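Q: Compact mmCIF, C-alpha atoms and all ligand atoms, file run-v9.txt:
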```txt
# COMPACT_ATOMS: atom_id res chain seq x y z
CA MET Z 1 218.02 136.57 189.49
CA ALA Z 2 219.61 134.17 187.01
CA SER Z 3 223.23 134.96 186.19
CA ILE Z 4 224.19 135.81 182.61
CA PHE Z 5 225.88 132.41 182.39
CA SER Z 6 222.70 130.64 183.54
CA LYS Z 7 220.88 132.45 180.72
CA ILE Z 8 223.54 131.25 178.30
CA ILE Z 9 223.23 127.67 179.59
CA VAL Z 10 219.46 127.59 178.96
CA GLY Z 11 219.84 129.30 175.57
CA GLU Z 12 218.19 132.62 176.51
CA ILE Z 13 221.42 134.35 175.50
CA PRO Z 14 223.31 132.98 172.47
CA SER Z 15 226.82 131.57 172.81
CA TYR Z 16 229.41 129.74 170.76
CA THR Z 17 228.98 126.31 172.33
CA VAL Z 18 232.01 124.07 172.68
CA ALA Z 19 230.68 121.26 174.90
CA GLU Z 20 227.86 120.35 177.26
CA SER Z 21 227.25 117.65 179.84
CA GLU Z 22 224.69 117.06 182.60
CA HIS Z 23 226.49 119.41 185.00
CA PHE Z 24 228.72 121.62 182.83
CA TYR Z 25 228.64 123.92 179.83
CA ALA Z 26 231.58 125.26 177.82
CA PHE Z 27 231.47 128.16 175.36
CA LEU Z 28 233.79 130.73 173.81
CA ASP Z 29 234.63 133.89 175.74
CA ILE Z 30 233.28 136.79 173.69
CA ASN Z 31 236.35 138.88 174.54
CA PRO Z 32 239.06 136.30 173.87
CA LEU Z 33 242.71 136.61 174.85
CA ALA Z 34 243.42 134.12 172.05
CA LYS Z 35 241.41 132.38 169.36
CA GLY Z 36 239.67 129.47 171.11
CA HIS Z 37 239.57 131.05 174.61
CA THR Z 38 236.85 129.01 176.30
CA LEU Z 39 234.89 129.31 179.54
CA VAL Z 40 233.89 126.16 181.43
CA VAL Z 41 230.91 126.71 183.71
CA PRO Z 42 229.05 124.50 186.20
CA LYS Z 43 225.30 124.60 185.61
CA GLU Z 44 224.66 125.16 189.30
CA GLU Z 45 224.78 128.81 190.35
CA VAL Z 46 227.74 129.26 192.67
CA ASP Z 47 229.54 132.61 192.60
CA TYR Z 48 233.10 131.72 193.56
CA PHE Z 49 234.79 128.83 191.79
CA PHE Z 50 236.51 127.46 194.90
CA ASP Z 51 233.20 127.33 196.77
CA LEU Z 52 232.12 124.44 194.51
CA SER Z 53 232.14 121.06 196.24
CA ASP Z 54 235.31 118.99 195.94
CA HIS Z 55 233.34 116.46 193.92
CA ARG Z 56 232.08 119.07 191.44
CA LEU Z 57 235.54 120.64 191.14
CA GLY Z 58 236.99 117.25 190.29
CA GLU Z 59 234.35 116.54 187.69
CA LEU Z 60 234.76 120.01 186.20
CA GLN Z 61 238.52 119.61 185.88
CA ILE Z 62 238.08 116.32 184.02
CA PHE Z 63 235.47 117.91 181.73
CA ALA Z 64 237.80 120.90 181.14
CA ALA Z 65 240.80 118.66 180.41
CA ARG Z 66 238.98 117.03 177.48
CA ILE Z 67 238.28 120.46 176.05
CA ALA Z 68 241.86 121.65 176.66
CA ARG Z 69 243.26 118.65 174.76
CA SER Z 70 240.99 119.40 171.83
CA MET Z 71 241.86 123.13 171.95
CA LYS Z 72 245.59 122.38 171.89
CA GLN Z 73 245.27 120.29 168.73
CA VAL Z 74 242.87 122.63 166.97
CA THR Z 75 244.72 125.88 167.73
CA ASN Z 76 248.19 124.32 167.51
CA CYS Z 77 249.27 126.18 170.65
CA LYS Z 78 252.10 125.03 172.93
CA ARG Z 79 250.00 124.86 176.09
CA VAL Z 80 246.47 125.52 177.25
CA GLY Z 81 246.50 127.67 180.36
CA GLN Z 82 243.68 127.84 182.86
CA ALA Z 83 242.69 130.62 185.19
CA VAL Z 84 240.04 131.50 187.76
CA LEU Z 85 239.11 135.20 187.89
CA GLY Z 86 235.42 135.90 188.40
CA PHE Z 87 235.68 139.67 188.88
CA GLU Z 88 233.10 140.35 186.18
CA VAL Z 89 230.58 137.51 186.25
CA PRO Z 90 229.42 136.10 189.64
CA HIS Z 91 228.90 132.57 188.33
CA ALA Z 92 231.84 130.21 188.80
CA HIS Z 93 233.85 129.57 185.64
CA LEU Z 94 237.25 128.40 184.48
CA HIS Z 95 239.08 130.20 181.65
CA LEU Z 96 240.93 127.93 179.19
CA VAL Z 97 243.33 129.93 177.03
CA PRO Z 98 245.58 128.72 174.16
CA MET Z 99 249.14 129.85 174.98
CA ASN Z 100 252.50 130.04 173.28
CA SER Z 101 254.24 132.04 176.00
CA THR Z 102 253.63 133.06 179.61
CA SER Z 103 252.38 136.50 178.63
CA ASP Z 104 249.46 134.95 176.72
CA LEU Z 105 247.69 134.49 180.07
CA ASP Z 106 247.90 138.18 180.95
CA PHE Z 107 244.27 139.27 181.31
CA SER Z 108 245.21 142.95 181.18
CA ARG Z 109 246.18 142.56 177.51
CA PRO Z 110 243.85 143.87 174.79
CA LYS Z 111 241.29 141.26 173.76
CA LEU Z 112 240.94 139.99 170.19
CA GLN Z 113 238.16 141.14 167.91
CA LEU Z 114 237.02 138.06 165.98
CA SER Z 115 234.17 137.86 163.49
CA SER Z 116 231.16 135.70 164.29
CA GLU Z 117 232.28 133.40 161.45
CA GLU Z 118 235.69 132.95 163.08
CA MET Z 119 234.08 132.34 166.48
CA SER Z 120 231.63 129.77 165.06
CA GLN Z 121 234.39 128.04 163.12
CA ILE Z 122 236.74 127.67 166.11
CA ALA Z 123 233.95 126.56 168.48
CA GLU Z 124 232.82 123.94 165.99
CA ALA Z 125 236.38 122.71 165.37
CA ILE Z 126 237.04 122.28 169.12
CA ALA Z 127 233.67 120.55 169.57
CA LEU Z 128 234.21 118.16 166.67
CA ASN Z 129 237.68 117.23 167.96
CA LEU Z 130 236.54 116.29 171.48
P1 LIG Y 1 235.69 137.16 184.95
O1 LIG Y 1 234.37 137.13 185.70
O2 LIG Y 1 236.60 138.24 185.46
O3 LIG Y 1 236.35 135.81 184.91
O4 LIG Y 1 235.35 137.56 183.46
C1 LIG Y 1 234.19 137.08 182.83
C2 LIG Y 1 234.50 136.67 181.42
O5 LIG Y 1 233.26 136.34 180.81
C3 LIG Y 1 235.14 137.78 180.57
O6 LIG Y 1 236.32 137.29 179.97
C4 LIG Y 1 234.06 138.10 179.53
O7 LIG Y 1 234.59 138.41 178.25
C5 LIG Y 1 233.24 136.82 179.48
N1 LIG Y 1 231.85 137.04 179.12
C6 LIG Y 1 230.99 137.92 179.65
N2 LIG Y 1 229.78 137.84 179.06
C7 LIG Y 1 229.90 136.87 178.13
C8 LIG Y 1 229.02 136.30 177.16
N3 LIG Y 1 227.75 136.72 177.03
N4 LIG Y 1 229.47 135.31 176.35
C9 LIG Y 1 230.74 134.88 176.46
N5 LIG Y 1 231.64 135.37 177.33
C10 LIG Y 1 231.23 136.34 178.16
```
Hey, can you dump this file as structure tokens for me?

A:
Amino acid sequence: MASIFSKIIVGEIPSYTVAESEHFYAFLDINPLAKGHTLVVPKEEVDYFFDLSDHRLGELQIFAARIARSMKQVTNCKRVGQAVLGFEVPHAHLHLVPMNSTSDLDFSRPKLQLSSEEMSQIAEAIALNL
């Protein structure tokens, strides 16, 4: 069965798209730790991030770095942190989170509730700044 992220990639489930390439897709996390929190996903269905091939991991990190640079400018944060969790969705993904302090990457913190207008606006701003 296709993972929820595969359904997002093919447009069966809507998402706030940030970037897309032949092998990767990036979109906003619907339960963001910070405004602009983005997920970077390989289009191939692999459960655990570190089971991706070295080649794909390298490509993904370069793809993610472009997005992180854009996120940093658009959100005016001090750093963009990245994290691999994967406890909820069994389709490899990298979290990119705007940070101003170490605690901003604490996934046990309450998530933000942003309107769809705010989500669309931040996704578009990051995309336009790539
Ligand atoms: P984890 O698998 O532990 O890395 O967590 C999966 C992440 O995916 C969580 O932060 C969720 O908020 C996020 N997520 C789950 N479903 C969606 C969706 N339909 N659109 C965007 N983000 C999602």

Q: Please provide the set of residues having any atom within 9 Å of Ser120 in chain Z, restricted to all atoms listed in the file, with same-chain residues fewer than 5 positions apart removed, written as a VMD selection string.

A: chain Z and resid 16 to 17 115 125

Q: Grab me every residue within 9 Å of ligand LIG 1 (chain Y), counting all atoms listed in the file, and send it over as a PyMOL selection string.

A: chain Z and resi 4-5+7-8+13-16+27-33+37-39+83-95+107+111

Q: Filtering to C-alpha atoms, could you give me those residues as a PDB file, in the frame of the given file?

A:
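Result saved to result23.pdb:
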```pdb
ATOM      1  CA  ILE Z   4     224.190 135.810 182.610  1.00  0.00           C
ATOM      2  CA  PHE Z   5     225.880 132.410 182.390  1.00  0.00           C
ATOM      3  CA  LYS Z   7     220.880 132.450 180.720  1.00  0.00           C
ATOM      4  CA  ILE Z   8     223.540 131.250 178.300  1.00  0.00           C
ATOM      5  CA  ILE Z  13     221.420 134.350 175.500  1.00  0.00           C
ATOM      6  CA  PRO Z  14     223.310 132.980 172.470  1.00  0.00           C
ATOM      7  CA  SER Z  15     226.820 131.570 172.810  1.00  0.00           C
ATOM      8  CA  TYR Z  16     229.410 129.740 170.760  1.00  0.00           C
ATOM      9  CA  PHE Z  27     231.470 128.160 175.360  1.00  0.00           C
ATOM     10  CA  LEU Z  28     233.790 130.730 173.810  1.00  0.00           C
ATOM     11  CA  ASP Z  29     234.630 133.890 175.740  1.00  0.00           C
ATOM     12  CA  ILE Z  30     233.280 136.790 173.690  1.00  0.00           C
ATOM     13  CA  ASN Z  31     236.350 138.880 174.540  1.00  0.00           C
ATOM     14  CA  PRO Z  32     239.060 136.300 173.870  1.00  0.00           C
ATOM     15  CA  LEU Z  33     242.710 136.610 174.850  1.00  0.00           C
ATOM     16  CA  HIS Z  37     239.570 131.050 174.610  1.00  0.00           C
ATOM     17  CA  THR Z  38     236.850 129.010 176.300  1.00  0.00           C
ATOM     18  CA  LEU Z  39     234.890 129.310 179.540  1.00  0.00           C
ATOM     19  CA  ALA Z  83     242.690 130.620 185.190  1.00  0.00           C
ATOM     20  CA  VAL Z  84     240.040 131.500 187.760  1.00  0.00           C
ATOM     21  CA  LEU Z  85     239.110 135.200 187.890  1.00  0.00           C
ATOM     22  CA  GLY Z  86     235.420 135.900 188.400  1.00  0.00           C
ATOM     23  CA  PHE Z  87     235.680 139.670 188.880  1.00  0.00           C
ATOM     24  CA  GLU Z  88     233.100 140.350 186.180  1.00  0.00           C
ATOM     25  CA  VAL Z  89     230.580 137.510 186.250  1.00  0.00           C
ATOM     26  CA  PRO Z  90     229.420 136.100 189.640  1.00  0.00           C
ATOM     27  CA  HIS Z  91     228.900 132.570 188.330  1.00  0.00           C
ATOM     28  CA  ALA Z  92     231.840 130.210 188.800  1.00  0.00           C
ATOM     29  CA  HIS Z  93     233.850 129.570 185.640  1.00  0.00           C
ATOM     30  CA  LEU Z  94     237.250 128.400 184.480  1.00  0.00           C
ATOM     31  CA  HIS Z  95     239.080 130.200 181.650  1.00  0.00           C
ATOM     32  CA  PHE Z 107     244.270 139.270 181.310  1.00  0.00           C
ATOM     33  CA  LYS Z 111     241.290 141.260 173.760  1.00  0.00           C
TER      34      LYS Z 111
END
```

Q: Work out how far apart CA of Ala34 in chain Z and CA of Val97 in chain Z are and give it in Å to one decimal.

A: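 Between CA of Ala34 in chain Z and CA of Val97 in chain Z the gap works out to 6.5 Å.
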
Q: Distance CA of Gln82 in chain Z-CA of Leu60 in chain Z, one decimal place?

A: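 Those two atoms sit 12.3 Å apart.
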
Q: Leaving out Ala64 in chain Z and any residue of its chain fewer than 2 positions from it, which residues lie within 12 Å of it when counting only C-alpha atoms, given as a PyMOL selection string?

A: chain Z and resi 18-21+24-27+38-42+56-62+66-71+80-83+93-97+130

Q: Could you please determine the separation between CA of Ser3 in chain Z and CA of Val46 in chain Z in Å, to one decimal place?

A: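 It comes out at 9.7 Å.
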
Q: Restricting the calculation to all atoms listed in the file, which member of Z:Lys72, Z:Asn129, Z:Arg79, Z:Tyr48 is positioned closest to Leu105 in chain Z?

A: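 Closest to Leu105 in chain Z of all the choices is Z:Arg79.
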
Q: Starting from 8 Å padding per side, set up an axis-aligned box that covers all listed atoms of range 11-23 of chain Z and hand over centre and edge lengths in Å, one decimal, as JSON.

A:
```
{"center_x": 225.1, "center_y": 125.7, "center_z": 177.9, "size_x": 29.8, "size_y": 33.3, "size_z": 30.2}
```

Q: In terms of the shortest atom-to-atom distance over all atoms listed in the file, which of Z:Met99, Z:Ala65, Z:Ile122, Z:Met1 is closest to Glu45 in chain Z?

A: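 Distance minimum relative to Glu45 in chain Z lands on Z:Met1.
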
Q: Can I get a file of range 8-21 of chain Z from the given structure, all heavy atoms kept, as a PDB file, in the first residue's frame?

A:
```
ATOM      1  N   ILE Z   8       0.859  12.022  -1.103  1.00  0.00           N
ATOM      2  CA  ILE Z   8       1.109  13.469  -1.181  1.00  0.00           C
ATOM      3  C   ILE Z   8       1.921  13.782  -2.443  1.00  0.00           C
ATOM      4  O   ILE Z   8       1.624  14.710  -3.192  1.00  0.00           O
ATOM      5  CB  ILE Z   8       1.843  13.951   0.096  1.00  0.00           C
ATOM      6  CG1 ILE Z   8       0.835  14.005   1.259  1.00  0.00           C
ATOM      7  CG2 ILE Z   8       2.508  15.309  -0.117  1.00  0.00           C
ATOM      8  CD1 ILE Z   8       1.449  14.354   2.599  1.00  0.00           C
ATOM      9  N   ILE Z   9       2.947  12.974  -2.697  1.00  0.00           N
ATOM     10  CA  ILE Z   9       3.833  13.220  -3.848  1.00  0.00           C
ATOM     11  C   ILE Z   9       3.056  13.207  -5.163  1.00  0.00           C
ATOM     12  O   ILE Z   9       3.278  14.039  -6.043  1.00  0.00           O
ATOM     13  CB  ILE Z   9       4.986  12.185  -3.862  1.00  0.00           C
ATOM     14  CG1 ILE Z   9       5.939  12.453  -2.693  1.00  0.00           C
ATOM     15  CG2 ILE Z   9       5.736  12.186  -5.195  1.00  0.00           C
ATOM     16  CD1 ILE Z   9       6.860  11.290  -2.346  1.00  0.00           C
ATOM     17  N   VAL Z  10       2.095  12.278  -5.291  1.00  0.00           N
ATOM     18  CA  VAL Z  10       1.333  12.205  -6.551  1.00  0.00           C
ATOM     19  C   VAL Z  10       0.097  13.110  -6.532  1.00  0.00           C
ATOM     20  O   VAL Z  10      -0.660  13.150  -7.500  1.00  0.00           O
ATOM     21  CB  VAL Z  10       0.924  10.751  -6.911  1.00  0.00           C
ATOM     22  CG1 VAL Z  10       2.143   9.885  -7.125  1.00  0.00           C
ATOM     23  CG2 VAL Z  10      -0.003  10.141  -5.866  1.00  0.00           C
ATOM     24  N   GLY Z  11      -0.114  13.833  -5.445  1.00  0.00           N
ATOM     25  CA  GLY Z  11      -1.211  14.801  -5.398  1.00  0.00           C
ATOM     26  C   GLY Z  11      -2.551  14.229  -4.971  1.00  0.00           C
ATOM     27  O   GLY Z  11      -3.564  14.913  -5.038  1.00  0.00           O
ATOM     28  N   GLU Z  12      -2.561  12.967  -4.519  1.00  0.00           N
ATOM     29  CA  GLU Z  12      -3.828  12.369  -4.039  1.00  0.00           C
ATOM     30  C   GLU Z  12      -4.252  12.990  -2.717  1.00  0.00           C
ATOM     31  O   GLU Z  12      -5.426  13.024  -2.385  1.00  0.00           O
ATOM     32  CB  GLU Z  12      -3.662  10.863  -3.828  1.00  0.00           C
ATOM     33  CG  GLU Z  12      -3.897  10.026  -5.048  1.00  0.00           C
ATOM     34  CD  GLU Z  12      -3.611   8.553  -4.781  1.00  0.00           C
ATOM     35  OE1 GLU Z  12      -3.885   8.058  -3.671  1.00  0.00           O
ATOM     36  OE2 GLU Z  12      -3.084   7.912  -5.701  1.00  0.00           O
ATOM     37  N   ILE Z  13      -3.261  13.413  -1.941  1.00  0.00           N
ATOM     38  CA  ILE Z  13      -3.507  14.117  -0.681  1.00  0.00           C
ATOM     39  C   ILE Z  13      -2.852  15.482  -0.823  1.00  0.00           C
ATOM     40  O   ILE Z  13      -1.708  15.570  -1.275  1.00  0.00           O
ATOM     41  CB  ILE Z  13      -2.902  13.342   0.514  1.00  0.00           C
ATOM     42  CG1 ILE Z  13      -3.638  12.017   0.707  1.00  0.00           C
ATOM     43  CG2 ILE Z  13      -2.944  14.174   1.789  1.00  0.00           C
ATOM     44  CD1 ILE Z  13      -3.063  11.131   1.795  1.00  0.00           C
ATOM     45  N   PRO Z  14      -3.597  16.573  -0.480  1.00  0.00           N
ATOM     46  CA  PRO Z  14      -3.016  17.909  -0.676  1.00  0.00           C
ATOM     47  C   PRO Z  14      -1.869  18.199   0.287  1.00  0.00           C
ATOM     48  O   PRO Z  14      -1.802  17.618   1.381  1.00  0.00           O
ATOM     49  CB  PRO Z  14      -4.193  18.854  -0.408  1.00  0.00           C
ATOM     50  CG  PRO Z  14      -5.164  18.068   0.383  1.00  0.00           C
ATOM     51  CD  PRO Z  14      -4.955  16.615   0.064  1.00  0.00           C
ATOM     52  N   SER Z  15      -0.978  19.072  -0.134  1.00  0.00           N
ATOM     53  CA  SER Z  15       0.128  19.491   0.744  1.00  0.00           C
ATOM     54  C   SER Z  15       0.512  20.909   0.370  1.00  0.00           C
ATOM     55  O   SER Z  15       0.130  21.413  -0.690  1.00  0.00           O
ATOM     56  CB  SER Z  15       1.325  18.558   0.586  1.00  0.00           C
ATOM     57  OG  SER Z  15       1.885  18.686  -0.708  1.00  0.00           O
ATOM     58  N   TYR Z  16       1.275  21.524   1.256  1.00  0.00           N
ATOM     59  CA  TYR Z  16       1.815  22.860   0.991  1.00  0.00           C
ATOM     60  C   TYR Z  16       3.208  22.657   0.405  1.00  0.00           C
ATOM     61  O   TYR Z  16       4.199  22.510   1.132  1.00  0.00           O
ATOM     62  CB  TYR Z  16       1.856  23.686   2.281  1.00  0.00           C
ATOM     63  CG  TYR Z  16       0.490  23.901   2.893  1.00  0.00           C
ATOM     64  CD1 TYR Z  16       0.025  23.079   3.927  1.00  0.00           C
ATOM     65  CD2 TYR Z  16      -0.357  24.906   2.421  1.00  0.00           C
ATOM     66  CE1 TYR Z  16      -1.229  23.266   4.480  1.00  0.00           C
ATOM     67  CE2 TYR Z  16      -1.624  25.106   2.968  1.00  0.00           C
ATOM     68  CZ  TYR Z  16      -2.051  24.272   3.999  1.00  0.00           C
ATOM     69  OH  TYR Z  16      -3.299  24.453   4.542  1.00  0.00           O
ATOM     70  N   THR Z  17       3.269  22.637  -0.921  1.00  0.00           N
ATOM     71  CA  THR Z  17       4.511  22.284  -1.618  1.00  0.00           C
ATOM     72  C   THR Z  17       5.560  23.385  -1.489  1.00  0.00           C
ATOM     73  O   THR Z  17       5.256  24.564  -1.677  1.00  0.00           O
ATOM     74  CB  THR Z  17       4.220  22.054  -3.116  1.00  0.00           C
ATOM     75  OG1 THR Z  17       3.158  21.120  -3.235  1.00  0.00           O
ATOM     76  CG2 THR Z  17       5.448  21.547  -3.847  1.00  0.00           C
ATOM     77  N   VAL Z  18       6.779  22.955  -1.211  1.00  0.00           N
ATOM     78  CA  VAL Z  18       7.900  23.884  -1.121  1.00  0.00           C
ATOM     79  C   VAL Z  18       8.831  23.696  -2.324  1.00  0.00           C
ATOM     80  O   VAL Z  18       9.331  24.670  -2.899  1.00  0.00           O
ATOM     81  CB  VAL Z  18       8.668  23.663   0.206  1.00  0.00           C
ATOM     82  CG1 VAL Z  18       9.996  24.388   0.217  1.00  0.00           C
ATOM     83  CG2 VAL Z  18       7.802  24.097   1.392  1.00  0.00           C
ATOM     84  N   ALA Z  19       9.082  22.456  -2.716  1.00  0.00           N
ATOM     85  CA  ALA Z  19       9.995  22.195  -3.837  1.00  0.00           C
ATOM     86  C   ALA Z  19       9.787  20.775  -4.348  1.00  0.00           C
ATOM     87  O   ALA Z  19       9.322  19.897  -3.606  1.00  0.00           O
ATOM     88  CB  ALA Z  19      11.444  22.366  -3.386  1.00  0.00           C
ATOM     89  N   GLU Z  20      10.141  20.571  -5.611  1.00  0.00           N
ATOM     90  CA  GLU Z  20      10.067  19.226  -6.183  1.00  0.00           C
ATOM     91  C   GLU Z  20      11.175  19.054  -7.200  1.00  0.00           C
ATOM     92  O   GLU Z  20      11.543  19.992  -7.912  1.00  0.00           O
ATOM     93  CB  GLU Z  20       8.692  19.012  -6.859  1.00  0.00           C
ATOM     94  CG  GLU Z  20       8.557  17.620  -7.421  1.00  0.00           C
ATOM     95  CD  GLU Z  20       7.120  17.266  -7.838  1.00  0.00           C
ATOM     96  OE1 GLU Z  20       6.280  18.178  -7.931  1.00  0.00           O
ATOM     97  OE2 GLU Z  20       6.882  16.060  -8.069  1.00  0.00           O
ATOM     98  N   SER Z  21      11.727  17.844  -7.260  1.00  0.00           N
ATOM     99  CA  SER Z  21      12.694  17.504  -8.297  1.00  0.00           C
ATOM    100  C   SER Z  21      12.353  16.096  -8.776  1.00  0.00           C
ATOM    101  O   SER Z  21      11.363  15.500  -8.327  1.00  0.00           O
ATOM    102  CB  SER Z  21      14.131  17.547  -7.754  1.00  0.00           C
ATOM    103  OG  SER Z  21      14.340  16.451  -6.873  1.00  0.00           O
TER     104      SER Z  21
END
```
